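**Student:** Let me begin by handing over the structure; questions about it come next.
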Amino acid sequence: MAVNTLTDRCRCSSCLMESALPPSVWDEALRGVEKDVVQFAPGYLRHGPEWGEGGPPPGPHVEWLRGHDAPPCPRCQRPMRLAPQGGCVCAACGAGRAILPKPPWLPQDSPVLGFVSDEPAMAEERPREPVHVACTQCGGPLVADGSSRIVPCGYCRARVALPDAVWAALHPPRVKRRWWLAIYVADDPRRGPADPSAFHASVALGCLLSVGLGFNIFILAVTMLRNLTLAASGVAIPLIVVIPMWLRGRWRYRRICRPENEVVGRLVGPWRVQPGTRVRLTKPHQPDLVLAYTVLQTSAERFAELGGDGGMVRAWLMPGRAKQSHVEPTPSALE
């Protein structure tokens with residue numbers, strides 16, 4: 001059965017039987033949905049749920065295909081955006097669209113704020129036009145409205161079962177359609193300061209090498225040379241090496257990753273292992289104005305999750321300094 005809205009029950013379009021969708025089913029289906037917004041590029045779709053070796057637990061389940069997308073404008077079909085006063089609004093034609101409130105049966109800690117769907121609720125489904133068929137006993141006309149598959153004949157009192165073709169015309173199979181959730185994200189890596197860890201990556205290697213070198217000097221000075229001055233220098237070597245490296249990384253981070261220096265990094269495909277994925281740095285909404293090029297080290301899977309060729313990631317560039325840049329494997333929110 002296709003579930004095209006956020007509901008606690010669904011109906012089979014063939015037999016009209018209703019099935020309950022308890023909150024536990026939606027908790028399973030919506031688990032981690034806020035990560036789809038901040039970790040994946042618009043248009044990238046994921047299929048789930050992913051079961052372990054034991055397979056799915058007993059009970060009903062919802063299979064989903066979800067990603068990061070925006071509902072289209074009902075007038076011009078362009079992507080809409082959230083309006084400050086609530087709902088969605090089209091930046092091109094100004095058309096609006098309501099966001100339905102979060103159902104009360106969802107848990108209070110659910111990240112879902114509301115949803116947008118073109119699917120009517122079961123109580124609001126419009127009755128279909130009745131069809132006219134002939135009685136199989138006397139040939140008299142019968143009117144079938146789809147409420148029951150057995151229709152009594154008003155002439156010969158026979159109970160006529162509607163053929164499969166007629167029943168299918170009254171109840172066509174429900175097809176899967178896209179619908180959208182409004183999600184609250186408490187920690188959005190697409191916004192805010194850059195991650196400084198990349199600027200201190202060399203500090204760990206320098207610390208390891210300097211500690212090894214200092215330890216060897218210390219052991220040599222104490223056990224063989226009996227030189228306390230040389231032993232003290234062995235202890236001081238890690239500090240002499242690591243602190244300047246950390247200060248330099250901190251200095252580069254503060255110079256490059258300023259809010260006013262944030263640009264858009266556009267991935268250049270195809271993915272390559274070495275020397276990494278090439279990234280074209282441009283200004284927001286100006287993809288043809290190339291400011292500089294840089295390289296992003298990422299896996300093939302993450303390259304696809306970020307949108308592949310043309311995918312947009314967060315990047316920073318010092319004005320007029322093409323080599324002073326920084327790029328992160330995080331989707332950009334500037335466009």
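Every chain in the structure tokens has a letter given in the order shown (A, B, ...), and although residue numbers restart at 1 in each chain, ligands are simply numbered from 1 in the order shown.
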Residues at most 10 Å from segment 229-233 of chain A, counting only C-alpha atoms, excluding those fewer than 6 positions away in the same chain, as JSON, numbers by chain?
**Tutor:** {"A": [214, 215, 216, 217, 218, 219, 220, 221, 222, 223, 240]}
**Student:** Counting only C-alpha atoms, what is within 9 Å of Ala322 of chain A, bar same-chain residues fewer than 2 positions away, as a list in words?
**Tutor:**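 In the requested format, the answer is Leu291, Ala292, Tyr293, Thr294, Leu317, Met318, Pro319, Gly320, Gln324 and Ser325 of chain A.
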**Student:** Could you please take those selected residues and save all heavy atoms as a short mmCIF file (atom, residue, chain, number, x, y, z; two decimals), in the first residue's frame?
**Tutor:**
```
data_model
loop_
_atom_site.label_atom_id
_atom_site.label_comp_id
_atom_site.auth_asym_id
_atom_site.auth_seq_id
_atom_site.Cartn_x
_atom_site.Cartn_y
_atom_site.Cartn_z
N LEU A 291 36.61 31.66 -8.85
CA LEU A 291 37.56 32.43 -8.05
C LEU A 291 38.87 31.67 -7.86
O LEU A 291 39.94 32.29 -7.84
CB LEU A 291 36.95 32.74 -6.68
CG LEU A 291 35.61 33.50 -6.69
CD1 LEU A 291 35.08 33.65 -5.28
CD2 LEU A 291 35.77 34.86 -7.35
N ALA A 292 38.80 30.37 -7.70
CA ALA A 292 40.00 29.56 -7.49
C ALA A 292 39.61 28.09 -7.56
O ALA A 292 38.42 27.75 -7.64
CB ALA A 292 40.65 29.88 -6.13
N TYR A 293 40.62 27.24 -7.56
CA TYR A 293 40.42 25.79 -7.51
C TYR A 293 41.15 25.24 -6.29
O TYR A 293 42.19 25.76 -5.88
CB TYR A 293 40.97 25.12 -8.77
CG TYR A 293 40.09 25.28 -9.99
CD1 TYR A 293 40.29 26.33 -10.87
CD2 TYR A 293 39.07 24.37 -10.27
CE1 TYR A 293 39.49 26.48 -12.00
CE2 TYR A 293 38.27 24.51 -11.39
CZ TYR A 293 38.48 25.57 -12.24
OH TYR A 293 37.68 25.72 -13.34
N THR A 294 40.62 24.19 -5.72
CA THR A 294 41.27 23.51 -4.62
C THR A 294 40.91 22.02 -4.70
O THR A 294 40.25 21.59 -5.65
CB THR A 294 40.85 24.10 -3.26
OG1 THR A 294 41.63 23.51 -2.22
CG2 THR A 294 39.38 23.85 -2.98
N LEU A 317 37.43 31.34 1.16
CA LEU A 317 38.54 31.82 0.32
C LEU A 317 38.88 33.25 0.71
O LEU A 317 38.00 34.11 0.76
CB LEU A 317 38.15 31.75 -1.16
CG LEU A 317 39.15 32.33 -2.16
CD1 LEU A 317 40.43 31.48 -2.19
CD2 LEU A 317 38.54 32.40 -3.56
N MET A 318 40.16 33.49 0.98
CA MET A 318 40.60 34.85 1.25
C MET A 318 40.57 35.66 -0.04
O MET A 318 41.06 35.19 -1.07
CB MET A 318 42.01 34.86 1.84
CG MET A 318 42.10 34.43 3.29
SD MET A 318 43.75 34.67 3.98
CE MET A 318 43.90 36.46 3.81
N PRO A 319 40.02 36.85 -0.04
CA PRO A 319 39.95 37.65 -1.27
C PRO A 319 41.34 37.92 -1.83
O PRO A 319 42.24 38.37 -1.12
CB PRO A 319 39.27 38.94 -0.81
CG PRO A 319 38.53 38.57 0.43
CD PRO A 319 39.35 37.52 1.09
N GLY A 320 41.51 37.61 -3.11
CA GLY A 320 42.78 37.86 -3.78
C GLY A 320 43.88 36.88 -3.44
O GLY A 320 45.01 37.04 -3.91
N GLN A 324 44.91 30.51 -0.37
CA GLN A 324 44.44 30.57 1.01
C GLN A 324 42.95 30.22 1.03
O GLN A 324 42.09 31.09 1.03
CB GLN A 324 44.69 31.96 1.61
CG GLN A 324 46.14 32.35 1.68
CD GLN A 324 46.92 31.47 2.65
OE1 GLN A 324 46.42 31.10 3.71
NE2 GLN A 324 48.14 31.12 2.27
N SER A 325 42.65 28.93 1.03
CA SER A 325 41.27 28.47 0.96
C SER A 325 41.10 27.25 1.86
O SER A 325 42.06 26.61 2.28
CB SER A 325 40.87 28.12 -0.48
OG SER A 325 41.67 27.05 -0.97
#
```
**Student:** Which residue gives the smallest distance to Met80 of chain A among A:Cys10, A:Ala194, A:Ala98, A:Ile243, with only C-alpha atoms counted?
**Tutor:**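 Closest to Met80 of chain A of all the choices is A:Ala98.
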**Student:** Excluding Leu267 of chain A and its own-chain neighbours fewer than 2 positions away, which residues fall within 9 Å of it when counting only C-alpha atoms? Please give them as a list in words.
**Tutor:**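 Residues near the query, excluding close chain neighbours: Gly265, Gly269, Pro270, Trp271, Thr277, Arg278, Val279, Arg280, Leu281, Leu296, Phe303, Leu306, Gly307, Gly308, Asp309, Gly310, Gly311, Met312 and Val313 of chain A.
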**Student:** Rounded to one decimal, what separation in Å do you get between atom CA of Arg9 of chain A and atom CA of Leu21 of chain A?
**Tutor:** 5.0 Å
**Student:** Kindly indicate which residue among A:Pro111, A:Pro104, A:Pro196, A:Pro287 lies nearest to Ile256 of chain A, using only C-alpha atoms for the distances.
**Tutor:**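 Under the stated criterion, the closest residue is A:Pro196.
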**Student:** Take atom CA of Arg250 of chain A and atom CA of Ser197 of chain A and report the distance between them in Å, one decimal.
**Tutor:**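 Spanning atom CA of Arg250 of chain A to atom CA of Ser197 of chain A is a straight-line distance of 9.7 Å.
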**Student:** Can you tell me, as an MDAnalysis selection string, which residues in segment 136-248 of chain A count as helix (DSSP H, G or I) by DSSP?
**Tutor:** chainID A and resid 164:170 196:225 228:248
**Student:** Nearest to Ala236 of chain A among A:Met224, A:Ala29, A:Leu6, A:Leu213, with distances taken over only C-alpha atoms: which residue is it?
**Tutor:**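 Of A:Met224, A:Ala29, A:Leu6, A:Leu213, the one nearest Ala236 of chain A, counting only C-alpha atoms, is A:Leu213.
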**Student:** If I take atom CA of Phe199 of chain A and atom CA of Gly276 of chain A, how far is one from the other in Å, to one decimal?
**Tutor:**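 Between these atoms lies a distance of 17.5 Å.
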**Student:** Can you tell me which residues surround segment 62-65 of chain A at a distance of at most 9 Å, considering only C-alpha atoms, apart from same-chain residues fewer than 2 positions away, and format the answer as a list in words?
**Tutor:** Val3, Leu21, Val25, Trp26, Glu28, Ala29, Leu45, Arg46, His47, Gly48, Pro49, Pro60 and Gly67 of chain A
